[in-house]
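Enquirer: Got a structure for you, written out below as structure tokens; questions coming shortly.
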Protein chains: 2
Amino acid sequence: MNAEEKDTEELIFEAACRVFQRKGYAGARMQEIADEADINKSMLHYYYRSKDKLFKKVYQREIARFFPVIFGVLDSDIPLDEKIEQLIEAYYGFLSDNPKIPQFVIYEMNQNPERLRKFIQESNIHPPRNFHNQVKQEIKAGRMNKIAPEQLLTSIVALILFPFMAETMIQGIFSLDEKGYRTFLGERKEFLLDFILNGINYKRQ
Amino acid sequence: MNAEEKDTEELIFEAACRVFQRKGYAGARMQEIADEADINKSMLHYYYRSKDKLFKKVYQREIARFFPVIFGVLDSDIPLDEKIEQLIEAYYGFLSDNPKIPQFVIYEMNQNPERLRKFIQESNIHPPRNFHNQVKQEIKAGRMNKIAPEQLLTSIVALILFPFMAETMIQGIFSLDEKGYRTFLGERKEFLLDFILNGINYKRQ
DNA sequence: AAATATTTTAACCATTTAGTTGAAATATTT
DNA sequence: AAATATTTCAACTAAATGGTTAAAATATTT
């Protein structure tokens, strides 16, 4: 194999990622994946046996990329305000390359909660204890309002992810075109940290 | 027709709403809708001709219920903090009866942005000017931080809707069962107003 | 009672789609 | 060069699914 070009198996996989992210499992067609990869349908089954098996690998890869973006930051030992800043930074970096992942991952999780539970068991995903303790400490020290860590984390993630999931709706409500929407997303990144830190009434150390 | 019992057309429609909300357009099956309505498949076509026509009516009804929940409140002439409180209140009321609507509506919008554009044109949905002006005024009067109204509104909606869309994920991360999740949602309602008003540094008149 | 509308049943058709096959062509490895 | 692996092609099967039909049964309206 030429080192320059990816092998077909990888090419198919990447095409499948794109198509499944666009259409979801039920809406995706094997023929569309083949077209996207610019190979014929026989190759799909040659390498992946079935739609189901191909999808499971795509799904696993995407949640395996999606979760660590937060969890990596949540576990680090840095001040809370920096941590939140890094969360925003990390997610925005990831999402500008992968804007459809939140919708895909969350939708398919809801379609099959059992599959997610199994994945979580087999992986090292765990309730974010470090973050939890840190918030509790900050509250005790009087540096922020009394807020359940789960509510805070959910809020941070919601504020970041939602605009990537609701693109069409937001464009519709505010009459934005593609370019206007990118501007909106860029400005939002600046807006978020202040909004969140004010929201919990955070006082820097 | 007996006034007590709904007619079949309505029965089918409601079943279709439930199934489409659960499975999405691509994942829904006509047979499943028939089973859900407890009638046979012939009746579906007798009343609605095709899956596509049935879906369009369901989709239209759901966004026609979904949007007014916010827009009704946004246009009213009440102080900003009350308005935000009412937004939360109104959405929570609506969503506890219809928890799957956000996921459904937003997903299907993304699958077919053109359909949404057409719907918006034909309806009286418009950028929320009243809310926009109100926020501008509050900023001018020094009663809140300088924040784009679009960012604020998006944030409010994100904070409310996200937990209904990401139920499976949130349950997974925080190891919550059904009951624990309902508690989480209830506590969130209390948490949100303070978080948002602090977030924009709002000072009551 | 007669006419009309609704519902069931069950078989059926047409299309889409996942998946298969086998032969030929091409590339890669040994 | 021979053997093996990869790829294309085109036709194919099997199953799922949307949609149709017609006849009979039941309910409703006139």
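By order in the structure tokens, chains are A, B, ...; within a chain, residues start at 1; ligands start at 1, following the order shown.
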Which residues of chain D come within 12 Å of chain B, and what is each one's closest atom pair and distance in Å (one decimal), counting only C-alpha atoms (C1' of nucleotides), sorted by chain and residue number, as CSV?
Expert:
residue,atom,partner,partner_atom,distance
D:DA16,C1',B:Arg29,CA,10.2
D:DT17,C1',B:Arg29,CA,7.8
D:DG18,C1',B:Lys51,CA,7.6
D:DG19,C1',B:Ser50,CA,7.7
D:DT20,C1',B:Ser42,CA,8.9
D:DT21,C1',B:Ser42,CA,10.0
D:DA27,C1',B:Met1,CA,9.3
D:DT28,C1',B:Met1,CA,7.7
D:DT29,C1',B:Met1,CA,10.4
Enquirer: Output the contact residues of chain B with respect to chain C at a cut-off of 9 Å, based on only C-alpha atoms (C1' of nucleotides), as a PyMOL selection string.
Expert: chain B and resi 39-40+43
Enquirer: Residues of chain B within 9 Å of chain A, counting only C-alpha atoms - could you list those as a PyMOL selection string?
Expert: chain B and resi 22-28+103+106-107+109-113+116-117+120+125-128+147-148+150-151+154-163+165-170+172-175+184+187-188+191-192+194-201
Enquirer: Take chain A, superimpose it onto chain B by least squares using every C-alpha atom paired in sequence order, and output the result as a short mmCIF file (atom, residue, chain, number, x, y, z; two decimals) with C-alpha atoms, in the first residue's frame.
Expert:
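Contents of part_17.cif, freshly written:
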data_model
loop_
_atom_site.label_atom_id
_atom_site.label_comp_id
_atom_site.auth_asym_id
_atom_site.auth_seq_id
_atom_site.Cartn_x
_atom_site.Cartn_y
_atom_site.Cartn_z
CA MET A 1 -69.80 9.58 16.18
CA ASN A 2 -69.82 9.25 19.90
CA ALA A 3 -68.66 12.50 21.46
CA GLU A 4 -66.77 10.59 24.15
CA GLU A 5 -64.41 8.81 21.79
CA LYS A 6 -62.11 10.48 19.32
CA ASP A 7 -62.60 9.65 15.70
CA THR A 8 -60.16 7.37 13.98
CA GLU A 9 -58.50 10.10 11.97
CA GLU A 10 -57.52 11.87 15.18
CA LEU A 11 -56.49 8.59 16.80
CA ILE A 12 -54.17 7.80 13.92
CA PHE A 13 -52.73 11.29 14.02
CA GLU A 14 -51.89 11.09 17.70
CA ALA A 15 -50.35 7.67 17.28
CA ALA A 16 -48.28 9.01 14.39
CA CYS A 17 -47.10 11.90 16.55
CA ARG A 18 -45.87 9.51 19.19
CA VAL A 19 -44.15 7.14 16.78
CA PHE A 20 -42.50 9.87 14.71
CA GLN A 21 -41.27 11.54 17.90
CA ARG A 22 -39.79 8.26 19.09
CA LYS A 23 -38.25 7.05 15.84
CA GLY A 24 -37.97 10.04 13.53
CA TYR A 25 -39.20 10.00 9.95
CA ALA A 26 -36.68 7.50 8.63
CA GLY A 27 -36.98 5.14 11.58
CA ALA A 28 -40.77 5.17 11.82
CA ARG A 29 -42.78 2.35 10.27
CA MET A 30 -46.32 2.65 8.99
CA GLN A 31 -47.09 -0.69 10.62
CA GLU A 32 -45.88 0.60 13.98
CA ILE A 33 -48.15 3.62 13.68
CA ALA A 34 -51.06 1.37 12.86
CA ASP A 35 -50.29 -0.82 15.86
CA GLU A 36 -49.91 2.21 18.09
CA ALA A 37 -53.32 3.47 16.98
CA ASP A 38 -54.69 -0.04 17.30
CA ILE A 39 -56.12 -0.06 13.81
CA ASN A 40 -54.96 -1.74 10.64
CA LYS A 41 -52.62 -0.31 8.07
CA SER A 42 -55.34 0.24 5.48
CA MET A 43 -56.78 3.00 7.61
CA LEU A 44 -53.57 4.99 7.51
CA HIS A 45 -53.79 5.33 3.77
CA TYR A 46 -57.54 5.71 3.85
CA TYR A 47 -57.08 8.91 5.87
CA TYR A 48 -53.62 10.15 5.01
CA ARG A 49 -52.62 8.71 1.63
CA SER A 50 -48.88 8.31 2.32
CA LYS A 51 -46.20 8.30 4.99
CA ASP A 52 -44.89 11.54 3.63
CA LYS A 53 -48.21 13.36 3.85
CA LEU A 54 -48.85 12.00 7.33
CA PHE A 55 -45.41 13.05 8.49
CA LYS A 56 -45.73 16.56 7.11
CA LYS A 57 -48.90 17.10 9.11
CA VAL A 58 -47.28 15.76 12.26
CA TYR A 59 -44.19 17.91 11.71
CA GLN A 60 -46.26 21.01 11.07
CA ARG A 61 -48.34 20.48 14.14
CA GLU A 62 -45.32 19.95 16.35
CA ILE A 63 -43.44 23.04 15.27
CA ALA A 64 -46.70 24.97 15.43
CA ARG A 65 -46.88 23.96 19.09
CA PHE A 66 -43.18 24.29 19.76
CA PHE A 67 -42.46 27.84 18.61
CA PRO A 68 -45.38 29.71 20.19
CA VAL A 69 -44.32 28.55 23.63
CA ILE A 70 -41.42 31.01 23.49
CA PHE A 71 -42.74 33.58 21.09
CA GLY A 72 -45.89 34.17 23.06
CA VAL A 73 -43.82 35.14 26.08
CA LEU A 74 -41.08 36.99 24.17
CA ASP A 75 -43.53 39.49 22.71
CA SER A 76 -45.28 40.35 25.96
CA ASP A 77 -44.61 43.69 27.67
CA ILE A 78 -43.25 42.67 31.06
CA PRO A 79 -39.91 43.24 32.79
CA LEU A 80 -37.01 41.14 31.55
CA ASP A 81 -36.56 39.09 34.70
CA GLU A 82 -40.25 38.21 34.77
CA LYS A 83 -40.10 37.41 31.11
CA ILE A 84 -37.26 34.97 31.60
CA GLU A 85 -39.06 33.43 34.53
CA GLN A 86 -42.17 32.98 32.41
CA LEU A 87 -40.11 31.50 29.58
CA ILE A 88 -38.78 28.85 31.92
CA GLU A 89 -42.21 28.27 33.40
CA ALA A 90 -43.94 28.00 30.04
CA TYR A 91 -41.36 25.70 28.51
CA TYR A 92 -41.20 23.44 31.50
CA GLY A 93 -44.96 23.08 31.53
CA PHE A 94 -44.98 22.23 27.86
CA LEU A 95 -42.00 19.90 27.99
CA SER A 96 -43.08 17.83 30.94
CA ASP A 97 -46.04 16.78 28.80
CA ASN A 98 -43.99 16.59 25.61
CA PRO A 99 -40.43 15.71 26.55
CA LYS A 100 -39.53 14.34 23.12
CA ILE A 101 -40.56 17.32 21.05
CA PRO A 102 -37.27 19.25 21.15
CA GLN A 103 -35.23 16.32 19.88
CA PHE A 104 -37.83 15.54 17.22
CA VAL A 105 -38.31 19.07 15.97
CA ILE A 106 -34.65 20.01 15.92
CA TYR A 107 -33.56 16.76 14.32
CA GLU A 108 -36.11 16.91 11.54
CA MET A 109 -35.37 20.57 10.94
CA ASN A 110 -31.76 19.67 10.30
CA GLN A 111 -32.76 16.81 8.02
CA ASN A 112 -34.68 19.25 5.86
CA PRO A 113 -33.84 22.93 6.42
CA GLU A 114 -35.78 23.91 3.32
CA ARG A 115 -39.01 22.63 4.80
CA LEU A 116 -38.48 24.79 7.89
CA ARG A 117 -37.79 27.88 5.81
CA LYS A 118 -41.04 27.35 3.95
CA PHE A 119 -42.92 26.87 7.19
CA ILE A 120 -41.48 30.05 8.68
CA GLN A 121 -42.44 32.03 5.59
CA GLU A 122 -45.99 30.77 5.69
CA SER A 123 -46.36 31.30 9.42
CA ASN A 124 -46.07 34.46 11.48
CA ILE A 125 -42.75 33.48 13.00
CA HIS A 126 -40.39 36.43 13.00
CA PRO A 127 -37.19 37.51 14.75
CA PRO A 128 -38.27 38.51 18.27
CA ARG A 129 -38.07 42.30 17.89
CA ASN A 130 -39.75 43.13 21.15
CA PHE A 131 -37.28 41.02 23.14
CA HIS A 132 -34.40 42.42 21.11
CA ASN A 133 -35.34 46.02 21.87
CA GLN A 134 -36.01 45.28 25.49
CA VAL A 135 -32.53 43.82 25.98
CA LYS A 136 -30.95 46.77 24.19
CA GLN A 137 -32.82 49.12 26.50
CA GLU A 138 -31.79 47.27 29.65
CA ILE A 139 -28.18 47.47 28.54
CA LYS A 140 -28.47 51.19 27.83
CA ALA A 141 -30.02 51.70 31.26
CA GLY A 142 -27.07 49.84 32.81
CA ARG A 143 -29.25 47.14 34.30
CA MET A 144 -27.39 44.27 32.64
CA ASN A 145 -24.12 43.47 30.90
CA LYS A 146 -23.67 44.23 27.24
CA ILE A 147 -24.83 41.05 25.58
CA ALA A 148 -26.22 40.35 22.13
CA PRO A 149 -29.93 39.52 22.50
CA GLU A 150 -29.46 36.57 20.16
CA GLN A 151 -26.82 35.10 22.44
CA LEU A 152 -29.02 35.55 25.48
CA LEU A 153 -32.08 34.01 23.92
CA THR A 154 -30.09 31.10 22.51
CA SER A 155 -28.62 30.53 25.97
CA ILE A 156 -31.99 30.53 27.69
CA VAL A 157 -33.42 28.07 25.21
CA ALA A 158 -30.29 25.92 25.34
CA LEU A 159 -30.36 25.70 29.13
CA ILE A 160 -34.01 24.69 29.13
CA LEU A 161 -34.13 22.33 26.15
CA PHE A 162 -30.81 20.55 26.34
CA PRO A 163 -31.62 18.27 29.30
CA PHE A 164 -34.72 17.07 27.48
CA MET A 165 -32.69 16.25 24.40
CA ALA A 166 -29.72 14.68 26.13
CA GLU A 167 -31.56 12.58 28.70
CA THR A 168 -29.71 9.38 27.92
CA MET A 169 -26.33 11.04 28.00
CA ILE A 170 -26.93 12.89 31.26
CA GLN A 171 -28.30 9.75 32.88
CA GLY A 172 -25.22 7.92 31.71
CA ILE A 173 -22.67 10.46 32.93
CA PHE A 174 -24.21 11.00 36.35
CA SER A 175 -25.43 7.43 36.83
CA LEU A 176 -29.06 8.47 37.25
CA ASP A 177 -32.11 6.24 36.91
CA GLU A 178 -35.53 7.42 35.71
CA LYS A 179 -36.49 8.77 39.11
CA GLY A 180 -33.17 10.44 39.71
CA TYR A 181 -33.49 12.14 36.37
CA ARG A 182 -36.90 13.57 37.18
CA THR A 183 -35.47 14.96 40.42
CA PHE A 184 -32.61 16.46 38.43
CA LEU A 185 -35.07 18.15 36.06
CA GLY A 186 -37.16 19.49 38.93
CA GLU A 187 -34.13 20.96 40.70
CA ARG A 188 -32.94 22.42 37.45
CA LYS A 189 -36.06 24.49 37.07
CA GLU A 190 -35.30 26.20 40.38
CA PHE A 191 -31.67 26.70 39.46
CA LEU A 192 -32.13 28.23 36.03
CA LEU A 193 -33.60 31.68 36.69
CA ASP A 194 -30.86 32.69 39.11
CA PHE A 195 -28.16 31.30 36.87
CA ILE A 196 -29.40 33.26 33.89
CA LEU A 197 -30.04 36.55 35.69
CA ASN A 198 -26.62 36.36 37.34
CA GLY A 199 -25.16 35.44 33.99
CA ILE A 200 -26.19 38.74 32.46
CA ASN A 201 -25.64 40.58 35.76
CA TYR A 202 -29.24 41.77 35.84
CA LYS A 203 -30.28 44.45 38.33
CA ARG A 204 -33.96 44.63 39.11
CA GLN A 205 -35.74 47.92 38.55
#
Enquirer: Run DSSP on the backbone and grab whatever in chain B lands in alpha helix (DSSP H); send it over as a ChimeraX atom specification.
Expert: /B:8-27,30-37,41-48,51-74,80-97,101-111,113-122,129-140,149-165,167-174,178-199
